[in-house]
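Below is the file my_file-v7.csv, which contains CSV, C-alpha atoms and all ligand atoms.
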```csv
chain,number,residue,atom,x,y,z
A,1,MET,CA,80.2,97.8,105.7
A,2,ALA,CA,81.5,99.2,108.9
A,3,ASP,CA,83.5,96.1,109.8
A,4,ALA,CA,84.9,95.5,106.4
A,5,LYS,CA,88.7,95.7,106.4
A,6,PRO,CA,89.9,98.9,104.7
A,7,LYS,CA,91.7,98.0,101.5
A,8,VAL,CA,95.2,99.4,101.0
A,9,LEU,CA,97.3,99.3,97.8
A,10,VAL,CA,101.0,99.7,98.4
A,11,VAL,CA,102.9,100.6,95.3
A,12,GLU,CA,106.6,100.2,96.1
A,13,ASP,CA,109.4,98.5,94.3
A,14,GLU,CA,111.8,97.9,97.1
A,15,PRO,CA,110.9,94.4,98.2
A,16,HIS,CA,112.0,94.8,101.8
A,17,LEU,CA,110.0,98.0,102.3
A,18,SER,CA,107.0,96.6,100.5
A,19,SER,CA,106.8,93.5,102.6
A,20,ALA,CA,107.4,95.4,105.8
A,21,LEU,CA,104.6,97.7,104.9
A,22,LYS,CA,102.3,94.9,104.0
A,23,LEU,CA,103.0,93.0,107.2
A,24,ASN,CA,102.5,96.0,109.5
A,25,LEU,CA,99.4,97.2,107.7
A,26,GLU,CA,97.9,93.8,108.0
A,27,LEU,CA,98.7,93.8,111.7
A,28,GLU,CA,96.7,97.0,111.9
A,29,GLY,CA,93.8,95.3,110.3
A,30,TYR,CA,94.0,96.3,106.7
A,31,ASP,CA,93.5,94.2,103.7
A,32,VAL,CA,96.7,94.9,101.8
A,33,ARG,CA,97.7,94.4,98.2
A,34,THR,CA,101.1,95.3,96.8
A,35,ALA,CA,102.4,96.3,93.4
A,36,ALA,CA,106.0,96.6,92.6
A,37,THR,CA,105.6,98.6,89.3
A,38,GLY,CA,103.3,101.2,87.9
A,39,ARG,CA,102.1,98.5,85.5
A,40,GLU,CA,101.1,96.2,88.3
A,41,ALA,CA,99.3,99.1,90.1
A,42,ALA,CA,97.5,100.0,86.9
A,43,ALA,CA,96.4,96.4,86.5
A,44,ALA,CA,95.0,96.4,90.0
A,45,PHE,CA,92.9,99.4,89.2
A,46,LEU,CA,91.8,97.9,85.8
A,47,GLU,CA,90.4,94.9,87.7
A,48,GLY,CA,88.0,97.4,89.3
A,49,VAL,CA,89.2,96.7,92.9
A,50,HIS,CA,88.2,99.5,95.1
A,51,PHE,CA,91.0,100.7,97.4
A,52,ASP,CA,90.4,102.9,100.4
A,53,VAL,CA,94.0,104.2,100.5
A,54,VAL,CA,96.9,104.0,98.1
A,55,VAL,CA,100.5,104.3,99.3
A,56,LEU,CA,102.5,105.3,96.3
A,57,ASP,CA,106.2,105.5,96.0
A,58,VAL,CA,107.5,108.2,93.6
A,59,MET,CA,110.5,106.3,92.3
A,60,LEU,CA,109.2,103.2,90.4
A,61,PRO,CA,111.1,101.3,87.8
A,62,ASP,CA,108.7,101.9,84.9
A,63,VAL,CA,106.8,105.1,85.6
A,64,ASP,CA,107.1,107.8,88.3
A,65,GLY,CA,104.5,108.1,91.0
A,66,PHE,CA,103.5,111.5,89.9
A,67,GLU,CA,102.6,110.2,86.5
A,68,LEU,CA,100.8,107.2,87.9
A,69,CYS,CA,98.8,109.4,90.3
A,70,ARG,CA,97.8,111.8,87.5
A,71,LYS,CA,96.7,108.8,85.4
A,72,MET,CA,94.7,107.4,88.3
A,73,ARG,CA,92.9,110.7,88.8
A,74,ASP,CA,92.3,111.1,85.1
A,75,ALA,CA,90.7,107.7,85.1
A,76,GLY,CA,88.4,108.8,87.9
A,77,HIS,CA,90.0,106.9,90.8
A,78,ARG,CA,89.5,109.0,93.9
A,79,ALA,CA,91.0,106.9,96.7
A,80,PRO,CA,93.2,109.0,99.0
A,81,VAL,CA,96.8,108.8,97.9
A,82,LEU,CA,99.7,109.0,100.4
A,83,MET,CA,102.8,109.6,98.3
A,84,LEU,CA,106.3,108.5,99.4
A,85,THR,CA,108.9,110.9,98.2
A,86,ALA,CA,112.5,109.9,98.4
A,87,ARG,CA,113.8,113.4,98.1
A,88,GLY,CA,112.9,116.1,100.6
A,89,ALA,CA,112.8,118.8,97.9
A,90,THR,CA,109.7,121.0,98.2
A,91,LYS,CA,109.2,120.8,94.5
A,92,ASP,CA,108.6,117.1,94.7
A,93,ARG,CA,106.1,117.4,97.4
A,94,VAL,CA,104.3,120.1,95.5
A,95,ALA,CA,104.5,118.0,92.3
A,96,GLY,CA,102.9,115.2,94.2
A,97,LEU,CA,100.1,117.3,95.5
A,98,GLU,CA,99.5,118.8,92.1
A,99,ALA,CA,99.4,115.3,90.6
A,100,GLY,CA,96.5,114.6,92.9
A,101,ALA,CA,98.0,113.1,96.0
A,102,ASP,CA,96.4,113.8,99.3
A,103,ASP,CA,99.3,113.6,101.6
A,104,TYR,CA,103.0,112.8,101.4
A,105,LEU,CA,105.7,111.4,103.5
A,106,THR,CA,109.5,111.8,102.9
A,107,LYS,CA,111.7,108.8,103.0
A,108,PRO,CA,113.0,107.6,105.3
A,109,PHE,CA,110.0,107.7,107.5
A,110,GLU,CA,108.9,106.2,110.8
A,111,LEU,CA,106.4,103.4,110.4
A,112,ALA,CA,104.3,104.9,113.2
A,113,GLU,CA,104.0,108.1,111.2
A,114,LEU,CA,102.9,106.3,108.0
A,115,LEU,CA,100.3,104.4,110.0
A,116,ALA,CA,99.0,107.6,111.5
A,117,ARG,CA,98.8,109.3,108.2
A,118,ILE,CA,96.8,106.4,106.8
A,119,ARG,CA,94.5,106.4,109.7
A,120,SER,CA,94.0,110.1,109.3
A,121,LEU,CA,93.1,109.7,105.6
A,122,LEU,CA,90.6,106.9,106.4
A,123,ARG,CA,89.2,108.7,109.4
A,124,ARG,CA,88.4,111.7,107.3
A,125,ARG,CA,86.6,109.6,104.8
A,126,LYS,CA,84.6,107.7,107.4
A,127,TRP,CA,83.5,110.8,109.2
A,128,LEU,CA,82.4,112.3,106.0
A,129,GLU,CA,80.5,109.2,105.0
A,130,ASP,CA,79.0,108.4,108.4
A,131,ASP,CA,78.0,111.6,110.1
A,132,GLU,CA,78.5,114.6,108.0
A,133,PRO,CA,75.1,115.8,106.9
A,134,THR,CA,75.1,117.7,103.7
A,135,ALA,CA,76.2,121.1,104.9
A,136,THR,CA,74.9,122.7,101.7
A,137,ASP,CA,71.2,123.2,100.9
A,138,GLY,CA,70.6,119.9,99.2
A,139,SER,CA,73.7,118.4,97.7
A,140,VAL,CA,74.1,120.6,94.7
A,141,ALA,CA,76.1,123.8,94.7
A,142,ARG,CA,76.3,126.3,91.8
A,143,PHE,CA,78.6,129.2,91.5
A,144,GLY,CA,79.7,131.0,88.3
A,145,GLN,CA,79.7,128.5,85.5
A,146,ALA,CA,80.2,125.6,87.9
A,147,VAL,CA,77.7,123.0,89.1
A,148,VAL,CA,78.8,120.6,91.8
A,149,ASP,CA,76.7,117.6,92.9
A,150,PHE,CA,78.3,116.5,96.2
A,151,ASP,CA,76.3,113.3,96.6
A,152,ARG,CA,77.0,112.1,93.1
A,153,HIS,CA,80.5,113.3,93.3
A,154,GLU,CA,80.2,115.1,89.9
A,155,ALA,CA,81.2,118.6,88.9
A,156,THR,CA,81.0,120.5,85.7
A,157,VAL,CA,82.2,123.9,84.5
A,158,ARG,CA,80.3,125.2,81.5
A,159,GLY,CA,78.9,121.7,81.1
A,160,GLU,CA,82.4,120.2,80.9
A,161,PRO,CA,83.1,117.5,83.5
A,162,VAL,CA,85.7,118.4,86.1
A,163,HIS,CA,87.4,115.5,87.9
A,164,LEU,CA,87.8,116.2,91.5
A,165,THR,CA,89.6,114.1,94.0
A,166,LYS,CA,87.8,113.3,97.3
A,167,LEU,CA,89.8,115.9,99.2
A,168,GLU,CA,89.2,118.5,96.6
A,169,LEU,CA,85.5,117.8,96.8
A,170,ASP,CA,85.6,117.9,100.6
A,171,LEU,CA,87.5,121.2,100.6
A,172,LEU,CA,85.1,122.6,98.1
A,173,ARG,CA,82.1,121.5,100.2
A,174,TYR,CA,83.6,123.2,103.3
A,175,PHE,CA,84.1,126.4,101.4
A,176,VAL,CA,80.6,126.4,99.8
A,177,SER,CA,79.0,125.7,103.2
A,178,HIS,CA,80.8,128.6,104.8
A,179,PRO,CA,80.4,131.5,102.3
A,180,HIS,CA,81.9,134.9,103.1
A,181,ARG,CA,83.7,133.5,106.2
A,182,VAL,CA,87.4,133.9,106.5
A,183,LEU,CA,88.7,130.3,107.0
A,184,SER,CA,92.2,129.9,108.4
A,185,ARG,CA,94.5,127.2,107.2
A,186,ASP,CA,94.2,125.6,110.6
A,187,GLU,CA,90.5,125.5,110.5
A,188,LEU,CA,90.6,124.0,107.1
A,189,LEU,CA,93.1,121.4,108.1
A,190,GLU,CA,91.1,120.5,111.1
A,191,ASN,CA,87.7,120.3,109.4
A,192,VAL,CA,88.6,119.0,106.0
A,193,TRP,CA,91.8,117.0,106.6
A,194,LYS,CA,90.9,116.2,110.2
A,195,ILE,CA,94.4,117.1,111.3
A,196,ARG,CA,95.2,119.2,114.3
A,197,HIS,CA,98.4,121.1,114.8
A,198,ALA,CA,99.5,120.2,111.3
A,199,SER,CA,103.0,121.1,110.3
A,200,SER,CA,101.9,121.5,106.7
A,201,PRO,CA,99.7,124.5,106.2
A,202,ARG,CA,101.1,124.8,102.7
A,203,MET,CA,99.1,121.7,101.8
A,204,VAL,CA,96.0,123.9,102.1
A,205,ASP,CA,97.5,126.4,99.7
A,206,ASN,CA,98.2,123.6,97.1
A,207,PHE,CA,94.6,122.4,97.3
A,208,VAL,CA,93.2,125.9,97.0
A,209,MET,CA,95.4,126.3,93.9
A,210,ARG,CA,93.9,123.1,92.6
A,211,LEU,CA,90.3,124.4,93.1
A,212,ARG,CA,91.2,127.6,91.4
A,213,ARG,CA,92.6,125.8,88.5
A,214,HIS,CA,89.4,123.8,88.2
A,215,PHE,CA,86.9,126.6,88.7
A,216,GLU,CA,88.3,130.0,88.2
A,217,ASP,CA,88.3,131.7,84.8
A,218,ASP,CA,91.7,133.1,85.7
A,219,PRO,CA,93.3,131.1,88.5
A,220,THR,CA,95.8,133.9,89.1
A,221,ARG,CA,93.0,136.3,89.8
A,222,PRO,CA,90.6,134.3,91.8
A,223,ARG,CA,87.0,135.5,92.2
A,224,PHE,CA,85.5,132.6,94.2
A,225,PHE,CA,88.4,131.3,96.3
A,226,VAL,CA,90.0,134.4,97.5
A,227,SER,CA,93.0,134.8,99.7
A,228,VAL,CA,92.6,136.9,102.8
A,229,ARG,CA,96.0,138.3,103.7
A,230,GLY,CA,97.5,137.0,106.9
A,231,ALA,CA,94.3,135.0,107.6
A,232,GLY,CA,93.5,132.3,105.1
A,233,TYR,CA,90.9,132.0,102.5
A,234,LYS,CA,87.3,132.9,101.8
A,235,PHE,CA,84.7,131.6,99.5
A,236,VAL,CA,82.8,134.4,97.7
A,237,PRO,CA,79.7,133.4,95.9
A,238,PRO,CA,79.3,135.1,92.5
A,239,ALA,CA,76.6,137.6,93.3
A,240,GLU,CA,78.8,139.3,95.9
A,241,THR,CA,82.0,138.9,94.1
A,242,ALA,CA,83.9,142.2,94.1
A,243,PRO,CA,86.5,141.9,91.4
A,244,SER,CA,88.8,144.6,92.7
A,245,ALA,CA,88.5,143.9,96.5
A,246,ASP,CA,91.8,144.6,98.3
A,247,GLU,CA,92.0,141.3,100.0
A,248,ASP,CA,91.7,139.6,96.6
A,249,GLU,CA,95.3,138.7,96.6
A,250,THR,CA,96.6,135.7,94.7
A,251,SER,CA,99.6,134.3,96.5
A,252,ALA,CA,98.8,135.6,99.9
A,253,ASP,CA,100.9,135.7,102.9
A,254,ARG,CA,103.9,133.5,103.1
B,1,CA,CA,111.2,103.1,94.8
```

This entry written out as structure tokens:
Amino acid sequence: MADAKPKVLVVEDEPHLSSALKLNLELEGYDVRTAATGREAAAAFLEGVHFDVVVLDVMLPDVDGFELCRKMRDAGHRAPVLMLTARGATKDRVAGLEAGADDYLTKPFELAELLARIRSLLRRRKWLEDDEPTATDGSVARFGQAVVDFDRHEATVRGEPVHLTKLELDLLRYFVSHPHRVLSRDELLENVWKIRHASSPRMVDNFVMRLRRHFEDDPTRPRFFVSVRGAGYKFVPPAETAPSADEDETSADR
């Protein structure tokens, strides 16, 4: 397993960029498959091929990358997605993260940066698979109406399945294994994303929003994943949840 080449799917319709990415990723030791349209990408997934990373362009001829990412996630595909956004607009990056992407890069980008981002996505995954012991007691966490089985990668709220991406699950695991502790964005980026000195602390906010949407009765008034003003976030298990705590502030400090 350890020496198998990581599989990368590149979904990009510009032929030059696509072949340049394929070539360079292959030089880095990846097994690369390309798709020029959303339809081709969907076909690759339908064949049941497991990908370790998906590089996904937003602007595709038949479907946009957001839509494709959302469909992938809905279908239960959890491979980390690095989204390539042509526009630098914040709303696009947010849309990408909300659609289930794990990271994004704005075009035009440096090849070295793309390779570094991919390595980072893979490194995280490997560390988690190889050496991270279950940080929770056993692999099942329960809070409120939620039951999360980390080993089986399954979550339910009130018995209804919740589809979590790998990163959402990793972030959730980190929260659950550090209850009541104030966790800064930097700490979360370092331990969940495995990135140091990240320039994108907002990524954490987007993922916390996603967890709230999955697990909070009212995501605008979180009880479990609370913001701590000026500091970060804290996971508050239900028994100790204080609904009117002062630090229970939705859109925190920015
Ligand atoms: Ca394109």

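We find CA of Leu189 in chain A and CA of Leu122 in chain A to be spaced 14.8 Å apart.
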
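The space separating CA of Val226 in chain A from CA of Leu82 in chain A comes to 27.3 Å.
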
Check your understanding: How would you write, as a ChimeraX atom specification, the set of residues no farther than 6 Å from ligand CA 1 (chain B) when counting only C-alpha atoms and all ligand atoms?
Key -> /A:12-14,57,59-60

Point to revise | Which of A:Lys5, A:Ala231, A:Val63, A:Asn24 sits closest to Ala112 in chain A [using all atoms listed in the file] | key: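 Of the candidates, the smallest distance to Ala112 in chain A is held by A:Asn24.
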
Review point. Counting all atoms listed in the file, which of A:Arg117, A:Lys234, A:His178, A:Arg210 gets nearest to Ala99 in chain A?
Key: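 With all atoms listed in the file as the atom set, the closest residue is A:Arg210.
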
Residues near Val192 in chain A, cut-off 8 Å, all atoms listed in the file, skip fewer than 4 positions along chain, as a PDB file with C-alpha atoms, keeping the file's coordinate frame:
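Printed below is selection_3.pdb as written:
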```pdb
ATOM      1  CA  ARG A 124      88.400 111.700 107.300  1.00  0.00           C
ATOM      2  CA  LEU A 167      89.800 115.900  99.200  1.00  0.00           C
ATOM      3  CA  ASP A 170      85.600 117.900 100.600  1.00  0.00           C
ATOM      4  CA  LEU A 171      87.500 121.200 100.600  1.00  0.00           C
ATOM      5  CA  TYR A 174      83.600 123.200 103.300  1.00  0.00           C
ATOM      6  CA  LEU A 188      90.600 124.000 107.100  1.00  0.00           C
TER       7      LEU A 188
END
```
